[in-house]
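Undergrad: Below is one structure. I have some questions about it.
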Amino acid sequence: MDETQIIDFTREAIVLCLKISAPVMLVGLVVGVIIALIQALTQIQEMTLAFVPKIIAIFAAIFLLFPMMAQMLITFTEKIADQIIAMS
């Protein structure tokens, strides 16, 4: 395995991390903005009101997207394993 392959795998790993984390982060962002708008409109500045719905939405997103995330990780791991086997 030479330097270019290592750089390619590293680049793929970083892109994979972004692909896996982006949907969950977007859900947190959207829910946070909605809650912030509701708080601004009602003038209720309760900290738990912002935190609880956001954490519930993030857990739900992780639960629903976990099969996709696992499949992406399995594919990447198999690709790396195949490359290691081909080196031998």
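Chains: A, B, ... in order of the structure tokens. Residues: from 1 per chain. Ligands: from 1, in order shown.
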Give me the stretch 53-87 of chain A side of the contact with stretch 14-29 of chain A, cut-off 7 Å, one line per residue showing its nearest atom pair and distance in Å at one decimal, counting only C-alpha atoms, sorted by chain and residue number, as a Markdown table.
TA:
| residue | atom | partner | partner_atom | distance |
| --- | --- | --- | --- | --- |
| A:Lys54 | CA | A:Gly28 | CA | 5.7 |
| A:Ala57 | CA | A:Gly28 | CA | 6.8 |
| A:Ile58 | CA | A:Gly28 | CA | 5.9 |
| A:Ala61 | CA | A:Val24 | CA | 5.9 |
| A:Ile62 | CA | A:Val24 | CA | 6.5 |
| A:Met69 | CA | A:Ile20 | CA | 5.8 |
Undergrad: Please produce, as a Markdown table, a per-residue contact table for stretch 31-85 of chain A versus stretch 10-13 of chain A (criterion: any atom at most 12 Å away, only C-alpha atoms considered), showing the nearest atom pair and its distance in Å to one decimal, sorted by chain then residue number.
TA:
| residue | atom | partner | partner_atom | distance |
| --- | --- | --- | --- | --- |
| A:Met72 | CA | A:Ala13 | CA | 10.6 |
| A:Leu73 | CA | A:Ala13 | CA | 9.4 |
| A:Thr75 | CA | A:Ala13 | CA | 11.5 |
| A:Phe76 | CA | A:Ala13 | CA | 8.0 |
| A:Thr77 | CA | A:Ala13 | CA | 9.9 |
| A:Lys79 | CA | A:Glu12 | CA | 10.8 |
| A:Ile80 | CA | A:Ala13 | CA | 10.4 |
Undergrad: What would the file look like if the residues just selected were written as a PDB file, in the first residue's frame with C-alpha atoms?
TA:
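Saved result, again.pdb, follows:
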ATOM      1  CA  MET A  72     -22.223   2.713   4.341  1.00  0.00           C
ATOM      2  CA  LEU A  73     -19.746   1.717   7.066  1.00  0.00           C
ATOM      3  CA  THR A  75     -19.251  -1.129   2.428  1.00  0.00           C
ATOM      4  CA  PHE A  76     -16.267   1.029   3.347  1.00  0.00           C
ATOM      5  CA  THR A  77     -14.872  -1.611   5.709  1.00  0.00           C
ATOM      6  CA  LYS A  79     -13.423  -2.141   0.556  1.00  0.00           C
ATOM      7  CA  ILE A  80     -10.529  -1.645   2.960  1.00  0.00           C
TER       8      ILE A  80
END
Undergrad: Taking only C-alpha atoms into account, name the residue in A:Ala40, A:Glu46, A:Pro67, A:Met87 that is nearest to A:Gln5.
TA: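 Distance minimum relative to A:Gln5 lands on A:Met87.
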Undergrad: Name the closest residue to A:Val31 among the candidates A:Ile7, A:Met1, A:Ile56, A:Ala70; distances are taken between atoms, counting only C-alpha atoms.
TA: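 With only C-alpha atoms as the atom set, the closest residue is A:Ile56.
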Undergrad: Got a sec: who's within 12 Å of A:Ala36, counting only C-alpha atoms, leaving out chain neighbours fewer than 2 positions off, as a PyMOL selection string?
TA: chain A and resi 28-34+38-51+53-54
Undergrad: Next, write the just-selected residues to a file, as an mmCIF file, in the first residue's frame, keeping N, CA and C atoms as the atom set.
TA:
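To be explicit, this is the file written out as part.cif:
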data_model
loop_
_atom_site.group_PDB
_atom_site.id
_atom_site.type_symbol
_atom_site.label_atom_id
_atom_site.label_comp_id
_atom_site.auth_asym_id
_atom_site.auth_seq_id
_atom_site.Cartn_x
_atom_site.Cartn_y
_atom_site.Cartn_z
ATOM 1 N N GLY A 28 -31.026 18.337 13.665
ATOM 2 C CA GLY A 28 -30.819 19.166 14.848
ATOM 3 C C GLY A 28 -30.899 20.647 14.528
ATOM 4 N N LEU A 29 -30.360 21.035 13.392
ATOM 5 C CA LEU A 29 -30.407 22.437 12.981
ATOM 6 C C LEU A 29 -31.830 22.895 12.712
ATOM 7 N N VAL A 30 -32.585 22.104 11.964
ATOM 8 C CA VAL A 30 -33.959 22.482 11.630
ATOM 9 C C VAL A 30 -34.822 22.558 12.882
ATOM 10 N N VAL A 31 -34.718 21.564 13.741
ATOM 11 C CA VAL A 31 -35.512 21.576 14.974
ATOM 12 C C VAL A 31 -35.092 22.745 15.858
ATOM 13 N N GLY A 32 -33.804 23.031 15.933
ATOM 14 C CA GLY A 32 -33.331 24.165 16.726
ATOM 15 C C GLY A 32 -33.866 25.495 16.227
ATOM 16 N N VAL A 33 -33.903 25.667 14.916
ATOM 17 C CA VAL A 33 -34.429 26.913 14.349
ATOM 18 C C VAL A 33 -35.925 27.040 14.612
ATOM 19 N N ILE A 34 -36.645 25.939 14.451
ATOM 20 C CA ILE A 34 -38.092 25.978 14.713
ATOM 21 C C ILE A 34 -38.372 26.320 16.169
ATOM 22 N N ILE A 38 -40.282 29.616 17.759
ATOM 23 C CA ILE A 38 -41.408 29.510 18.700
ATOM 24 C C ILE A 38 -41.099 30.277 19.977
ATOM 25 N N GLN A 39 -39.868 30.151 20.476
ATOM 26 C CA GLN A 39 -39.490 30.886 21.685
ATOM 27 C C GLN A 39 -39.511 32.391 21.453
ATOM 28 N N ALA A 40 -39.084 32.816 20.276
ATOM 29 C CA ALA A 40 -39.087 34.254 19.988
ATOM 30 C C ALA A 40 -40.515 34.782 19.873
ATOM 31 N N LEU A 41 -41.392 33.996 19.287
ATOM 32 C CA LEU A 41 -42.778 34.443 19.124
ATOM 33 C C LEU A 41 -43.545 34.467 20.441
ATOM 34 N N THR A 42 -43.280 33.494 21.292
ATOM 35 C CA THR A 42 -44.015 33.413 22.553
ATOM 36 C C THR A 42 -43.281 34.082 23.709
ATOM 37 N N GLN A 43 -42.048 34.478 23.495
ATOM 38 C CA GLN A 43 -41.192 35.099 24.503
ATOM 39 C C GLN A 43 -40.984 34.206 25.730
ATOM 40 N N ILE A 44 -40.976 32.918 25.486
ATOM 41 C CA ILE A 44 -40.659 31.948 26.532
ATOM 42 C C ILE A 44 -39.192 31.571 26.355
ATOM 43 N N GLN A 45 -38.365 31.912 27.320
ATOM 44 C CA GLN A 45 -36.931 31.651 27.217
ATOM 45 C C GLN A 45 -36.513 30.556 28.201
ATOM 46 N N GLU A 46 -37.087 29.394 28.048
ATOM 47 C CA GLU A 46 -36.774 28.252 28.901
ATOM 48 C C GLU A 46 -35.731 27.389 28.199
ATOM 49 N N MET A 47 -34.643 27.078 28.885
ATOM 50 C CA MET A 47 -33.543 26.335 28.275
ATOM 51 C C MET A 47 -33.940 24.904 27.916
ATOM 52 N N THR A 48 -34.698 24.246 28.767
ATOM 53 C CA THR A 48 -35.088 22.868 28.484
ATOM 54 C C THR A 48 -36.038 22.780 27.299
ATOM 55 N N LEU A 49 -36.768 23.843 27.027
ATOM 56 C CA LEU A 49 -37.664 23.860 25.880
ATOM 57 C C LEU A 49 -36.872 23.759 24.582
ATOM 58 N N ALA A 50 -35.672 24.268 24.546
ATOM 59 C CA ALA A 50 -34.839 24.177 23.353
ATOM 60 C C ALA A 50 -34.099 22.843 23.289
ATOM 61 N N PHE A 51 -33.705 22.319 24.417
ATOM 62 C CA PHE A 51 -32.858 21.136 24.445
ATOM 63 C C PHE A 51 -33.624 19.834 24.229
ATOM 64 N N PRO A 53 -36.681 18.891 22.798
ATOM 65 C CA PRO A 53 -37.148 18.498 21.463
ATOM 66 C C PRO A 53 -36.000 18.226 20.490
ATOM 67 N N LYS A 54 -34.926 18.970 20.628
ATOM 68 C CA LYS A 54 -33.787 18.777 19.737
ATOM 69 C C LYS A 54 -33.148 17.411 19.961
#
Undergrad: Smallest atom-to-atom distance to A:Asp2: which of A:Ile84, A:Glu78, A:Val52, A:Phe66, using only C-alpha atoms?
TA: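 Ranked by minimum distance to A:Asp2, first place goes to A:Ile84.
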Undergrad: Which value, in Å to one decimal, gives the distance between atom CA of A:Glu3 and atom CA of A:Gln83?
TA: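 One can read the atom CA of A:Glu3 to atom CA of A:Gln83 distance as 13.7 Å.
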Undergrad: Looking at only C-alpha atoms, which of A:Phe9, A:Ile35, A:Ile85, A:Thr4 is the one that sits closest to A:Ile55?
TA: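 Answer, going by the shortest atom-to-atom distance: A:Ile35.
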